[in-house]
file coords10.csv (CSV, C-alpha atoms)
chain,number,residue,atom,x,y,z
H,14,MET,CA,0.0,0.0,0.0
H,15,ALA,CA,1.3,3.5,-0.8
H,16,ALA,CA,2.4,5.8,1.9
H,17,PRO,CA,-0.4,7.5,4.0
H,18,ILE,CA,-1.4,11.1,3.3
H,19,GLY,CA,-0.1,13.3,6.1
H,20,PHE,CA,-2.8,15.7,7.4
H,21,TRP,CA,-1.8,18.6,9.8
H,22,PHE,CA,-4.6,20.7,11.4
H,23,ASP,CA,-5.5,22.7,14.4
H,24,PHE,CA,-8.8,21.8,16.1
H,25,THR,CA,-9.8,25.5,16.0
H,26,SER,CA,-9.3,25.7,12.2
H,27,PRO,CA,-12.6,26.0,10.3
H,28,TYR,CA,-11.0,24.9,7.0
H,29,GLY,CA,-9.3,22.1,8.9
H,30,TYR,CA,-12.7,20.9,10.1
H,31,VAL,CA,-14.1,20.9,6.6
H,32,ALA,CA,-11.0,19.0,5.4
H,33,ALA,CA,-11.4,16.5,8.2
H,34,GLU,CA,-14.9,15.7,6.9
H,35,LEU,CA,-13.6,15.1,3.3
H,36,VAL,CA,-10.1,13.7,3.5
H,37,ASP,CA,-10.9,10.0,4.3
H,38,ALA,CA,-13.2,9.6,1.3
H,39,ILE,CA,-10.5,11.1,-1.0
H,40,ALA,CA,-7.8,8.9,0.5
H,41,ALA,CA,-10.0,5.8,0.2
H,42,ARG,CA,-10.7,6.4,-3.5
H,43,HIS,CA,-7.0,6.1,-4.1
H,44,GLY,CA,-6.2,3.3,-1.7
H,45,ARG,CA,-4.4,5.5,0.8
H,46,ALA,CA,-4.6,5.9,4.6
H,47,VAL,CA,-4.4,9.2,6.3
H,48,ARG,CA,-2.1,10.1,9.2
H,49,TRP,CA,-3.7,12.7,11.3
H,50,HIS,CA,-1.5,15.3,13.1
H,51,PRO,CA,-3.3,17.8,15.3
H,52,ILE,CA,-1.0,20.8,16.0
H,53,LEU,CA,-1.2,24.2,17.5
H,54,LEU,CA,-1.2,27.1,15.0
H,55,GLY,CA,-0.2,29.7,17.7
H,56,PRO,CA,3.5,29.1,17.7
H,57,ILE,CA,3.5,28.6,13.9
H,58,PHE,CA,1.6,31.8,13.2
H,59,LYS,CA,4.2,33.5,15.4
H,60,ALA,CA,7.0,32.2,13.3
H,61,VAL,CA,5.2,33.1,10.1
H,62,GLY,CA,4.3,36.6,11.4
H,63,THR,CA,0.5,36.2,11.0
H,64,ALA,CA,-2.6,35.8,13.2
H,65,PRO,CA,-5.9,33.9,13.2
H,66,LEU,CA,-7.7,34.8,9.9
H,67,THR,CA,-10.7,36.5,11.7
H,68,GLN,CA,-8.3,38.9,13.4
H,69,ILE,CA,-6.8,40.2,10.1
H,70,PRO,CA,-8.2,43.5,8.8
H,71,ILE,CA,-10.3,43.2,5.6
H,72,LYS,CA,-9.4,39.5,5.1
H,73,GLY,CA,-11.2,38.7,8.4
H,74,ASP,CA,-14.6,39.6,7.0
H,75,TYR,CA,-14.0,37.6,3.9
H,76,SER,CA,-12.9,34.7,5.9
H,77,ARG,CA,-15.9,34.6,8.1
H,78,HIS,CA,-18.1,34.7,5.0
H,79,ASP,CA,-16.0,32.0,3.3
H,80,PHE,CA,-15.9,29.6,6.2
H,81,ALA,CA,-19.7,29.3,6.0
H,82,ARG,CA,-19.8,29.3,2.2
H,83,THR,CA,-17.2,26.6,2.0
H,84,ALA,CA,-19.0,24.4,4.5
H,85,ARG,CA,-22.3,24.8,2.7
H,86,TYR,CA,-20.6,23.9,-0.6
H,87,HIS,CA,-19.4,20.7,0.9
H,88,LYS,CA,-22.7,20.1,2.8
H,89,VAL,CA,-20.9,20.2,6.1
H,90,ALA,CA,-22.8,21.6,9.1
H,91,PHE,CA,-21.0,24.7,10.4
H,92,ARG,CA,-21.4,27.8,12.5
H,93,LEU,CA,-18.6,29.9,13.7
H,94,PRO,CA,-18.4,29.4,17.5
H,95,GLU,CA,-19.0,32.4,19.7
H,96,LYS,CA,-15.7,31.8,21.4
H,97,PHE,CA,-13.2,31.7,18.5
H,98,PRO,CA,-10.5,30.7,18.6
H,99,VAL,CA,-10.0,28.9,21.8
H,100,GLY,CA,-7.0,26.8,23.2
H,101,SER,CA,-6.9,23.4,21.6
H,102,GLN,CA,-4.0,21.9,23.5
H,103,VAL,CA,-6.1,19.6,25.7
H,104,ALA,CA,-7.9,18.2,22.6
H,105,ALA,CA,-4.7,17.8,20.7
H,106,ARG,CA,-2.8,16.1,23.6
H,107,SER,CA,-5.8,13.8,24.1
H,108,PHE,CA,-5.6,12.8,20.5
H,109,TYR,CA,-2.0,11.6,20.8
H,110,LEU,CA,-2.8,9.7,24.0
H,111,ILE,CA,-5.6,7.9,22.2
H,112,ASP,CA,-3.6,7.5,19.0
H,113,ASP,CA,-0.8,5.7,20.9
H,114,ILE,CA,-3.3,2.9,21.7
H,115,ASP,CA,-5.7,3.0,18.7
H,116,PRO,CA,-5.2,5.3,15.7
H,117,ALA,CA,-8.7,4.6,14.3
H,118,ARG,CA,-10.3,5.6,17.6
H,119,ALA,CA,-8.1,8.8,17.7
H,120,VAL,CA,-9.5,9.8,14.2
H,121,ASP,CA,-13.1,9.2,15.5
H,122,PHE,CA,-12.2,11.3,18.5
H,123,ALA,CA,-10.8,14.1,16.3
H,124,LYS,CA,-14.0,14.2,14.2
H,125,ARG,CA,-16.1,14.4,17.3
H,126,ILE,CA,-14.0,17.3,18.7
H,127,TYR,CA,-14.3,19.2,15.4
H,128,ARG,CA,-18.1,18.6,15.2
H,129,ALA,CA,-18.5,19.6,18.9
H,130,TYR,CA,-16.8,22.9,18.2
H,131,PHE,CA,-17.9,23.8,14.7
H,132,ALA,CA,-21.3,22.1,14.3
H,133,GLN,CA,-22.5,22.3,18.0
H,134,GLY,CA,-20.7,25.4,19.2
H,135,ARG,CA,-19.3,23.6,22.3
H,136,ASP,CA,-16.2,25.0,24.0
H,137,ILE,CA,-13.5,22.5,23.2
H,138,SER,CA,-11.0,24.2,25.4
H,139,ASP,CA,-13.1,22.8,28.3
H,140,PRO,CA,-11.6,19.4,29.4
H,141,ALA,CA,-15.2,18.2,30.2
H,142,VAL,CA,-16.2,18.6,26.5
H,143,VAL,CA,-13.0,16.9,25.4
H,144,MET,CA,-13.8,14.0,27.8
H,145,GLU,CA,-17.3,13.7,26.4
H,146,ALA,CA,-15.9,13.3,22.9
H,147,ALA,CA,-13.3,10.7,24.2
H,148,THR,CA,-16.1,8.8,25.9
H,149,ALA,CA,-18.2,8.8,22.7
H,150,ALA,CA,-15.2,7.5,20.8
H,151,GLY,CA,-14.8,4.7,23.3
H,152,ALA,CA,-11.5,5.8,24.7
H,153,ASP,CA,-10.3,4.9,28.2
H,154,VAL,CA,-11.2,8.1,30.0
H,155,PRO,CA,-9.5,7.5,33.4
H,156,ALA,CA,-6.3,6.6,31.6
H,157,LEU,CA,-6.6,9.6,29.4
H,158,THR,CA,-7.2,11.9,32.4
H,159,GLU,CA,-4.1,10.4,34.0
H,160,GLY,CA,-2.0,10.8,30.9
H,161,LEU,CA,-2.9,14.5,30.5
H,162,LYS,CA,-1.3,15.2,33.9
H,163,GLY,CA,2.1,14.0,32.7
H,164,GLU,CA,4.9,15.9,31.0
H,165,ALA,CA,5.3,13.3,28.2
H,166,VAL,CA,2.2,14.2,26.3
H,167,LYS,CA,3.0,17.9,26.5
H,168,GLU,CA,6.4,17.1,25.0
H,169,ARG,CA,4.8,14.9,22.4
H,170,LEU,CA,2.5,17.8,21.1
H,171,LYS,CA,5.4,20.2,21.2
H,172,SER,CA,7.5,17.9,19.1
H,173,GLU,CA,4.6,17.5,16.6
H,174,VAL,CA,4.4,21.3,16.3
H,175,GLU,CA,8.2,21.6,15.8
H,176,ASN,CA,8.2,18.8,13.3
H,177,ALA,CA,5.3,20.4,11.4
H,178,MET,CA,7.3,23.6,11.1
H,179,LYS,CA,10.4,21.7,10.0
H,180,ILE,CA,8.5,20.2,7.1
H,181,GLY,CA,7.0,23.6,6.1
H,182,VAL,CA,3.5,23.6,7.7
H,183,PHE,CA,2.3,27.2,8.0
H,184,GLY,CA,-1.4,26.9,8.2
H,185,SER,CA,-4.3,24.4,8.6
H,186,PRO,CA,-5.2,22.2,6.8
H,187,HIS,CA,-1.8,21.1,5.4
H,188,PHE,CA,-1.3,17.8,3.5
H,189,LEU,CA,1.7,15.9,2.4
H,190,VAL,CA,1.3,13.3,-0.4
H,191,ASP,CA,4.6,11.5,-1.2
H,192,GLY,CA,6.5,14.6,-0.2
H,193,GLU,CA,4.3,17.0,-2.1
H,194,PRO,CA,2.7,19.7,0.1
H,195,PHE,CA,-0.8,21.1,-0.3
H,196,TRP,CA,-2.2,23.9,1.9
H,197,GLY,CA,-5.9,24.6,2.3
H,198,VAL,CA,-9.1,22.8,1.9
H,199,ASP,CA,-9.6,24.4,-1.5
H,200,ARG,CA,-6.5,22.4,-2.7
H,201,LEU,CA,-8.1,19.0,-2.1
H,202,PRO,CA,-9.2,18.7,-5.8
H,203,LEU,CA,-5.5,19.3,-6.8
H,204,LEU,CA,-4.4,16.8,-4.1
H,205,GLU,CA,-6.7,14.3,-5.5
H,206,GLU,CA,-5.5,15.0,-9.0
H,207,TRP,CA,-1.9,14.4,-7.7
H,208,LEU,CA,-3.0,11.1,-6.2
H,209,ARG,CA,-4.6,10.1,-9.5
H,210,THR,CA,-1.8,11.1,-11.8
H,211,GLY,CA,1.3,10.9,-9.6
H,212,GLY,CA,2.0,14.6,-10.1
H,213,TRP,CA,2.7,17.0,-13.0
T,14,MET,CA,-26.8,40.4,-20.2
T,15,ALA,CA,-25.9,39.8,-16.6
T,16,ALA,CA,-23.5,42.1,-14.8
T,17,PRO,CA,-19.8,41.7,-15.6
T,18,ILE,CA,-17.5,39.7,-13.3
T,19,GLY,CA,-15.2,42.2,-11.4
T,20,PHE,CA,-11.5,41.1,-11.5
T,21,TRP,CA,-8.9,42.8,-9.3
T,22,PHE,CA,-5.3,42.0,-9.7
T,23,ASP,CA,-1.7,43.3,-9.4
T,24,PHE,CA,0.5,42.9,-12.4
T,25,THR,CA,3.2,41.4,-10.2
T,26,SER,CA,0.8,38.7,-8.7
T,27,PRO,CA,1.7,35.2,-10.1
T,28,TYR,CA,-1.8,33.9,-9.2
T,29,GLY,CA,-3.3,37.0,-10.8
T,30,TYR,CA,-1.4,36.1,-14.0
T,31,VAL,CA,-2.8,32.5,-14.0
T,32,ALA,CA,-6.3,33.8,-13.3
T,33,ALA,CA,-5.9,36.3,-16.2
T,34,GLU,CA,-5.2,33.4,-18.5
T,35,LEU,CA,-8.4,31.6,-17.4
T,36,VAL,CA,-11.1,34.1,-16.5
T,37,ASP,CA,-12.3,35.1,-20.0
T,38,ALA,CA,-13.1,31.5,-20.9
T,39,ILE,CA,-15.0,30.9,-17.7
T,40,ALA,CA,-17.0,34.2,-18.1
T,41,ALA,CA,-17.8,33.4,-21.7
T,42,ARG,CA,-19.2,29.9,-20.8
T,43,HIS,CA,-21.8,31.8,-18.7
T,44,GLY,CA,-22.5,34.7,-20.9
T,45,ARG,CA,-20.6,37.2,-18.8
T,46,ALA,CA,-18.1,39.9,-19.5
T,47,VAL,CA,-15.1,40.6,-17.2
T,48,ARG,CA,-14.3,44.1,-15.9
T,49,TRP,CA,-10.5,44.2,-15.3
T,50,HIS,CA,-9.1,46.3,-12.5
T,51,PRO,CA,-5.3,46.4,-12.1
T,52,ILE,CA,-4.4,47.6,-8.6
T,53,LEU,CA,-1.3,48.0,-6.4
T,54,LEU,CA,-1.1,45.4,-3.6
T,55,GLY,CA,1.5,47.5,-1.7
T,56,PRO,CA,-1.0,49.9,0.1
T,57,ILE,CA,-3.4,47.0,0.5
T,58,PHE,CA,-0.9,44.7,2.1
T,59,LYS,CA,0.0,47.6,4.5
T,60,ALA,CA,-3.6,47.9,5.6
T,61,VAL,CA,-3.9,44.1,6.0
T,62,GLY,CA,-0.5,43.8,7.8
T,63,THR,CA,1.0,41.4,5.4
T,64,ALA,CA,3.8,41.2,2.8
T,65,PRO,CA,4.4,39.7,-0.7
T,66,LEU,CA,4.1,35.9,-0.3
T,67,THR,CA,7.7,35.1,-1.2
T,68,GLN,CA,8.9,37.3,1.7
T,69,ILE,CA,6.8,35.4,4.4
T,70,PRO,CA,8.8,32.9,6.4
T,71,ILE,CA,7.9,29.2,5.7
T,72,LYS,CA,4.9,30.2,3.5
T,73,GLY,CA,7.3,31.8,1.0
T,74,ASP,CA,9.0,28.5,0.1
T,75,TYR,CA,5.6,26.8,-0.4
T,76,SER,CA,4.4,29.7,-2.5
T,77,ARG,CA,7.3,29.6,-4.9
T,78,HIS,CA,6.7,25.9,-5.3
T,79,ASP,CA,3.0,26.4,-5.7
T,80,PHE,CA,3.2,29.3,-8.3
T,81,ALA,CA,4.9,26.9,-10.7
T,82,ARG,CA,2.8,23.9,-9.9
T,83,THR,CA,-0.4,25.9,-10.3
T,84,ALA,CA,0.8,27.3,-13.6
T,85,ARG,CA,1.8,23.8,-14.9
T,86,TYR,CA,-1.6,22.4,-13.8
T,87,HIS,CA,-3.4,25.0,-15.9
T,88,LYS,CA,-0.9,24.7,-18.7
T,89,VAL,CA,0.2,28.3,-18.5
T,90,ALA,CA,3.9,29.2,-19.2
T,91,PHE,CA,5.5,30.5,-16.0
T,92,ARG,CA,8.8,31.2,-14.4
T,93,LEU,CA,9.3,33.4,-11.4
T,94,PRO,CA,11.1,36.6,-12.6
T,95,GLU,CA,14.5,37.3,-11.2
T,96,LYS,CA,13.4,40.7,-10.1
T,97,PHE,CA,10.3,39.9,-8.0
T,98,PRO,CA,8.2,41.8,-7.1
T,99,VAL,CA,8.7,45.1,-9.1
T,100,GLY,CA,6.7,48.3,-9.2
T,101,SER,CA,3.7,47.8,-11.4
T,102,GLN,CA,2.3,51.4,-11.3
T,103,VAL,CA,3.4,52.4,-14.9
T,104,ALA,CA,1.7,49.2,-16.3
T,105,ALA,CA,-1.4,49.8,-14.2
T,106,ARG,CA,-1.7,53.5,-15.1
T,107,SER,CA,-1.2,52.6,-18.8
T,108,PHE,CA,-4.0,50.1,-18.5
T,109,TYR,CA,-6.5,52.7,-17.4
T,110,LEU,CA,-5.4,55.2,-20.1
T,111,ILE,CA,-6.0,52.5,-22.8
T,112,ASP,CA,-9.1,51.4,-21.1
T,113,ASP,CA,-10.7,54.8,-21.3
T,114,ILE,CA,-10.5,54.6,-25.1
T,115,ASP,CA,-10.9,50.9,-25.8
T,116,PRO,CA,-11.5,48.3,-22.9
T,117,ALA,CA,-10.9,45.3,-25.2
T,118,ARG,CA,-7.5,46.7,-26.1
T,119,ALA,CA,-6.7,47.3,-22.5
T,120,VAL,CA,-7.4,43.6,-21.7
T,121,ASP,CA,-5.1,42.6,-24.6
T,122,PHE,CA,-2.5,44.9,-23.1
T,123,ALA,CA,-2.9,43.5,-19.6
T,124,LYS,CA,-2.4,39.9,-20.9
T,125,ARG,CA,0.7,41.1,-22.7
T,126,ILE,CA,2.1,42.7,-19.6
T,127,TYR,CA,1.5,39.6,-17.6
T,128,ARG,CA,3.1,37.3,-20.1
T,129,ALA,CA,6.1,39.7,-20.5
T,130,TYR,CA,6.7,39.4,-16.8
T,131,PHE,CA,5.8,35.8,-15.9
T,132,ALA,CA,6.5,34.0,-19.2
T,133,GLN,CA,9.3,36.0,-20.7
T,134,GLY,CA,10.9,37.4,-17.5
T,135,ARG,CA,10.9,41.0,-18.7
T,136,ASP,CA,11.1,43.8,-16.2
T,137,ILE,CA,7.6,45.4,-16.4
T,138,SER,CA,8.6,48.3,-14.1
T,139,ASP,CA,10.6,49.5,-17.1
T,140,PRO,CA,8.5,52.0,-19.1
T,141,ALA,CA,10.1,50.8,-22.4
T,142,VAL,CA,8.8,47.2,-21.7
T,143,VAL,CA,5.3,48.7,-20.9
T,144,MET,CA,5.3,50.6,-24.2
T,145,GLU,CA,6.3,47.5,-26.1
T,146,ALA,CA,3.2,45.8,-24.8
T,147,ALA,CA,1.1,48.8,-25.6
T,148,THR,CA,2.5,48.9,-29.2
T,149,ALA,CA,1.7,45.2,-29.6
T,150,ALA,CA,-1.8,45.8,-28.4
T,151,GLY,CA,-2.3,48.6,-30.9
T,152,ALA,CA,-2.5,51.4,-28.4
T,153,ASP,CA,-1.7,55.0,-29.3
T,154,VAL,CA,1.8,55.1,-27.7
T,155,PRO,CA,2.5,58.9,-28.0
T,156,ALA,CA,-0.9,59.7,-26.4
T,157,LEU,CA,-0.1,57.1,-23.7
T,158,THR,CA,3.3,58.6,-23.0
T,159,GLU,CA,1.7,62.0,-22.7
T,160,GLY,CA,-1.1,60.7,-20.4
T,161,LEU,CA,1.4,59.1,-18.1
T,162,LYS,CA,2.9,62.5,-17.4
T,163,GLY,CA,-0.3,63.9,-16.0
T,164,GLU,CA,-1.8,63.8,-12.5
T,165,ALA,CA,-5.2,62.5,-13.6
T,166,VAL,CA,-4.0,58.9,-14.2
T,167,LYS,CA,-2.2,58.8,-10.9
T,168,GLU,CA,-5.4,59.8,-9.2
T,169,ARG,CA,-7.3,57.3,-11.2
T,170,LEU,CA,-5.1,54.4,-10.1
T,171,LYS,CA,-5.2,55.7,-6.5
T,172,SER,CA,-9.0,55.8,-6.5
T,173,GLU,CA,-9.1,52.2,-8.0
T,174,VAL,CA,-6.9,51.0,-5.1
T,175,GLU,CA,-9.0,52.8,-2.5
T,176,ASN,CA,-12.2,51.5,-4.1
T,177,ALA,CA,-10.8,48.0,-4.1
T,178,MET,CA,-10.1,48.2,-0.3
T,179,LYS,CA,-13.6,49.6,0.3
T,180,ILE,CA,-15.2,46.5,-1.4
T,181,GLY,CA,-12.9,44.2,0.6
T,182,VAL,CA,-10.1,43.3,-1.8
T,183,PHE,CA,-7.1,42.1,0.3
T,184,GLY,CA,-5.1,40.0,-2.3
T,185,SER,CA,-4.8,39.1,-6.0
T,186,PRO,CA,-6.7,37.8,-7.8
T,187,HIS,CA,-10.0,38.9,-6.3
T,188,PHE,CA,-13.3,38.5,-8.1
T,189,LEU,CA,-16.8,39.8,-7.5
T,190,VAL,CA,-19.8,38.0,-9.1
T,191,ASP,CA,-23.1,39.7,-8.4
T,192,GLY,CA,-21.8,41.0,-5.0
T,193,GLU,CA,-20.2,37.6,-4.1
T,194,PRO,CA,-16.4,37.8,-3.5
T,195,PHE,CA,-13.9,35.1,-4.4
T,196,TRP,CA,-10.2,35.4,-3.5
T,197,GLY,CA,-7.6,33.3,-5.2
T,198,VAL,CA,-7.1,31.5,-8.5
T,199,ASP,CA,-7.9,28.2,-6.7
T,200,ARG,CA,-11.4,29.6,-6.1
T,201,LEU,CA,-12.2,29.8,-9.9
T,202,PRO,CA,-14.0,26.4,-9.8
T,203,LEU,CA,-16.3,27.7,-7.0
T,204,LEU,CA,-16.8,31.0,-8.9
T,205,GLU,CA,-17.9,29.0,-11.9
T,206,GLU,CA,-20.2,26.9,-9.8
T,207,TRP,CA,-21.7,30.2,-8.4
T,208,LEU,CA,-22.2,31.4,-12.0
T,209,ARG,CA,-23.9,28.1,-12.9
T,210,THR,CA,-26.1,27.8,-9.9
T,211,GLY,CA,-26.7,31.4,-8.8
T,212,GLY,CA,-25.1,30.6,-5.4
T,213,TRP,CA,-25.8,28.3,-2.5
call {"tool": "encode", "arguments": {"input": "coords10.csv", "output": "structure tokens"}}
result
Amino acid sequence: MAAPIGFWFDFTSPYGYVAAELVDAIAARHGRAVRWHPILLGPIFKAVGTAPLTQIPIKGDYSRHDFARTARYHKVAFRLPEKFPVGSQVAARSFYLIDDIDPARAVDFAKRIYRAYFAQGRDISDPAVVMEAATAAGADVPALTEGLKGEAVKERLKSEVENAMKIGVFGSPHFLVDGEPFWGVDRLPLLEEWLRTGGW
Amino acid sequence: MAAPIGFWFDFTSPYGYVAAELVDAIAARHGRAVRWHPILLGPIFKAVGTAPLTQIPIKGDYSRHDFARTARYHKVAFRLPEKFPVGSQVAARSFYLIDDIDPARAVDFAKRIYRAYFAQGRDISDPAVVMEAATAAGADVPALTEGLKGEAVKERLKSEVENAMKIGVFGSPHFLVDGEPFWGVDRLPLLEEWLRTGGW
């Protein structure tokens, strides 16, 4: 089987959310798996010298409009949460703790976190909301709660963010197909064309 | 006939160039005209708090790779000019002087400027290169040379940039279809879907 598609995203990224709803079907059509990497855009935006889209003059208004339009286009339920953005480190760390035991369950958890935030307007910076998603995904919540107290998972997330920057991730979603980078949910058609043709 | 598609671009924008090669065919398929508006991204980037893509850390490397990949995908000749970006005000002002007399000729001129810069690597900040394109497009070069000396065309370009900012243009290419904004050459498929369906 060909190498998995790398998928980097922040749990507070609207375009990352839409991509998360689409990427598995695209990968499946081409016999690929997807390797999910939740990261934190905060330190990355600092390195790039940018800010969350909604905070950028002029571009912010367009982005708010485009989030909703993009979601409607792909028939994905969406509303911009009242609290936006929020800290996503508890959700991201939980992902890696679940992922170490069962990657498929971690993907299910990731989709539940995204829907809780962008479809249901829940505050995913609240550990209780994260644990609800973990429970629904069938994760071992007591073990997860314990794991979140340790230093190891903090280091794990930090090294994921550092690695993302090393390979050139500067936004969410970011994909890597056989070394070829694609940034943005609007590049998924090109990514699929790349999978189909092997590149151009 | 339905309202023309508004098309805002900077002559030094690689994605604007690719869009300029594609937009007429899209518009024609839906019985629309295109209203071309060359602008200067400099003052707009200042308001938005950003910089030319190639100067942004991490994102710059991706962009250079993506310019060429996007052009290849659309079968548009492209190489990033050695001098990039350059001042595009002489080209933009010349566009409006030609446009006042003959809009179709101005569009021909605009395409020649873009190809001179991004296909042939000519320096379009050089007035001689601009006049070559004007000549090839059949413009009245002595009148153009005279017009460029006046204040009126400077004010005209300034007001085009101010108007662009007022309607929410923050990058190039930017399109407006019946009040609906689309930013980026990668949004042309969505723009066409909007033309086809009337929106969603």
call {"tool": "atom_distance", "arguments": {"input": "coords10.csv", "atom1": "atom CA of T:Tyr130", "atom2": "atom CA of T:Tyr28"}}
result
12.7 Å
call {"tool": "residues_around", "arguments": {"input": "coords10.csv", "residues": "H:Leu208", "least_positions_apart": "5", "cutoff": "9 Å", "atoms": "all atoms listed in the file", "output": "compact mmCIF listing (two decimals) with C-alpha atoms, in the coordinates of the input"}}
result
# COMPACT_ATOMS: atom_id res chain seq x y z
CA ALA H 40 -7.80 8.90 0.50
CA HIS H 43 -7.00 6.10 -4.10
CA VAL H 190 1.30 13.30 -0.40
CA LEU H 203 -5.50 19.30 -6.80
call {"tool": "residues_around", "arguments": {"input": "coords10.csv", "residues": "stretch 108-110 of chain T", "least_positions_apart": "5", "cutoff": "10 Å", "atoms": "only C-alpha atoms", "output": "PDB file with C-alpha atoms, in the frame of the given file"}}
result
ATOM      1  CA  TRP T  49     -10.500  44.200 -15.300  1.00  0.00           C
ATOM      2  CA  HIS T  50      -9.100  46.300 -12.500  1.00  0.00           C
ATOM      3  CA  PRO T  51      -5.300  46.400 -12.100  1.00  0.00           C
ATOM      4  CA  GLN T 102       2.300  51.400 -11.300  1.00  0.00           C
ATOM      5  CA  VAL T 103       3.400  52.400 -14.900  1.00  0.00           C
ATOM      6  CA  ASP T 115     -10.900  50.900 -25.800  1.00  0.00           C
ATOM      7  CA  PRO T 116     -11.500  48.300 -22.900  1.00  0.00           C
ATOM      8  CA  ARG T 118      -7.500  46.700 -26.100  1.00  0.00           C
ATOM      9  CA  ALA T 119      -6.700  47.300 -22.500  1.00  0.00           C
ATOM     10  CA  VAL T 120      -7.400  43.600 -21.700  1.00  0.00           C
ATOM     11  CA  ASP T 121      -5.100  42.600 -24.600  1.00  0.00           C
ATOM     12  CA  PHE T 122      -2.500  44.900 -23.100  1.00  0.00           C
ATOM     13  CA  ALA T 123      -2.900  43.500 -19.600  1.00  0.00           C
ATOM     14  CA  ILE T 126       2.100  42.700 -19.600  1.00  0.00           C
ATOM     15  CA  VAL T 143       5.300  48.700 -20.900  1.00  0.00           C
ATOM     16  CA  ALA T 147       1.100  48.800 -25.600  1.00  0.00           C
ATOM     17  CA  ALA T 152      -2.500  51.400 -28.400  1.00  0.00           C
ATOM     18  CA  ASP T 153      -1.700  55.000 -29.300  1.00  0.00           C
ATOM     19  CA  ALA T 156      -0.900  59.700 -26.400  1.00  0.00           C
ATOM     20  CA  LEU T 157      -0.100  57.100 -23.700  1.00  0.00           C
ATOM     21  CA  THR T 158       3.300  58.600 -23.000  1.00  0.00           C
ATOM     22  CA  GLY T 160      -1.100  60.700 -20.400  1.00  0.00           C
ATOM     23  CA  LEU T 161       1.400  59.100 -18.100  1.00  0.00           C
ATOM     24  CA  ALA T 165      -5.200  62.500 -13.600  1.00  0.00           C
ATOM     25  CA  VAL T 166      -4.000  58.900 -14.200  1.00  0.00           C
ATOM     26  CA  LYS T 167      -2.200  58.800 -10.900  1.00  0.00           C
ATOM     27  CA  ARG T 169      -7.300  57.300 -11.200  1.00  0.00           C
ATOM     28  CA  LEU T 170      -5.100  54.400 -10.100  1.00  0.00           C
ATOM     29  CA  GLU T 173      -9.100  52.200  -8.000  1.00  0.00           C
TER      30      GLU T 173
END
call {"tool": "closest_atom_pairs", "arguments": {"input": "coords10.csv", "of": "chain T", "to": "chain H", "cutoff": "9 Å", "atoms": "all atoms listed in the file", "output": "Markdown table"}}
result
| residue | atom | partner | partner_atom | distance |
| --- | --- | --- | --- | --- |
| T:Ala60 | CA | H:Pro70 | CA | 7.1 |
| T:Val61 | CA | H:Pro70 | CA | 5.2 |
| T:Gly62 | CA | H:Ile69 | CA | 7.6 |
| T:Thr63 | CA | H:Thr63 | CA | 7.7 |
| T:Ile69 | CA | H:Val61 | CA | 6.4 |
| T:Pro70 | CA | H:Val61 | CA | 5.2 |
| T:Ile71 | CA | H:Gly181 | CA | 5.7 |
| T:Lys72 | CA | H:Phe183 | CA | 6.0 |
| T:Asp74 | CA | H:Gly181 | CA | 8.0 |
| T:Tyr75 | CA | H:Gly181 | CA | 7.4 |
| T:Asp79 | CA | H:Phe195 | CA | 8.5 |
| T:Arg82 | CA | H:Trp213 | CA | 7.6 |
| T:Arg85 | CA | H:Trp213 | CA | 7.1 |
| T:Tyr86 | CA | H:Trp213 | CA | 6.9 |
| T:Met178 | CA | H:Ile71 | CA | 7.7 |
| T:Lys179 | CA | H:Ile71 | CA | 8.9 |
| T:Gly181 | CA | H:Ile71 | CA | 5.7 |
| T:Val182 | CA | H:Ile71 | CA | 7.4 |
| T:Phe183 | CA | H:Lys72 | CA | 5.9 |
| T:Gly184 | CA | H:Lys72 | CA | 8.6 |
| T:Pro194 | CA | H:Tyr75 | CA | 7.8 |
| T:Phe195 | CA | H:Asp79 | CA | 8.6 |
| T:Trp196 | CA | H:Tyr75 | CA | 8.6 |
| T:Asp199 | CA | H:Asp199 | CA | 6.7 |
| T:Arg200 | CA | H:Asp199 | CA | 7.2 |
| T:Leu203 | CA | H:Tyr86 | CA | 8.6 |
| T:Trp213 | CA | H:Tyr86 | CA | 7.1 |
call {"tool": "atom_distance", "arguments": {"input": "coords10.csv", "atom1": "atom CA of H:Val47", "atom2": "atom CA of H:Gly211"}}
result
17.0 Å
call {"tool": "atom_distance", "arguments": {"input": "coords10.csv", "atom1": "atom CA of T:Ala129", "atom2": "atom CA of T:Arg77"}}
result
18.6 Å
call {"tool": "decode", "arguments": {"input": "coords10.csv", "residues": "stretch 30-45 of chain H", "atoms": "C-alpha atoms", "output": "mmCIF file, in the first residue's frame"}}
result
data_model
loop_
_atom_site.group_PDB
_atom_site.id
_atom_site.type_symbol
_atom_site.label_atom_id
_atom_site.label_comp_id
_atom_site.auth_asym_id
_atom_site.auth_seq_id
_atom_site.Cartn_x
_atom_site.Cartn_y
_atom_site.Cartn_z
ATOM 1 C CA TYR H 30 -12.693 20.940 10.103
ATOM 2 C CA VAL H 31 -14.129 20.860 6.584
ATOM 3 C CA ALA H 32 -11.021 19.023 5.379
ATOM 4 C CA ALA H 33 -11.405 16.488 8.194
ATOM 5 C CA GLU H 34 -14.891 15.716 6.887
ATOM 6 C CA LEU H 35 -13.589 15.146 3.349
ATOM 7 C CA VAL H 36 -10.103 13.675 3.489
ATOM 8 C CA ASP H 37 -10.910 10.042 4.342
ATOM 9 C CA ALA H 38 -13.154 9.575 1.305
ATOM 10 C CA ILE H 39 -10.518 11.090 -1.001
ATOM 11 C CA ALA H 40 -7.801 8.863 0.453
ATOM 12 C CA ALA H 41 -10.004 5.761 0.222
ATOM 13 C CA ARG H 42 -10.695 6.391 -3.486
ATOM 14 C CA HIS H 43 -6.951 6.086 -4.084
ATOM 15 C CA GLY H 44 -6.156 3.261 -1.690
ATOM 16 C CA ARG H 45 -4.414 5.508 0.808
#
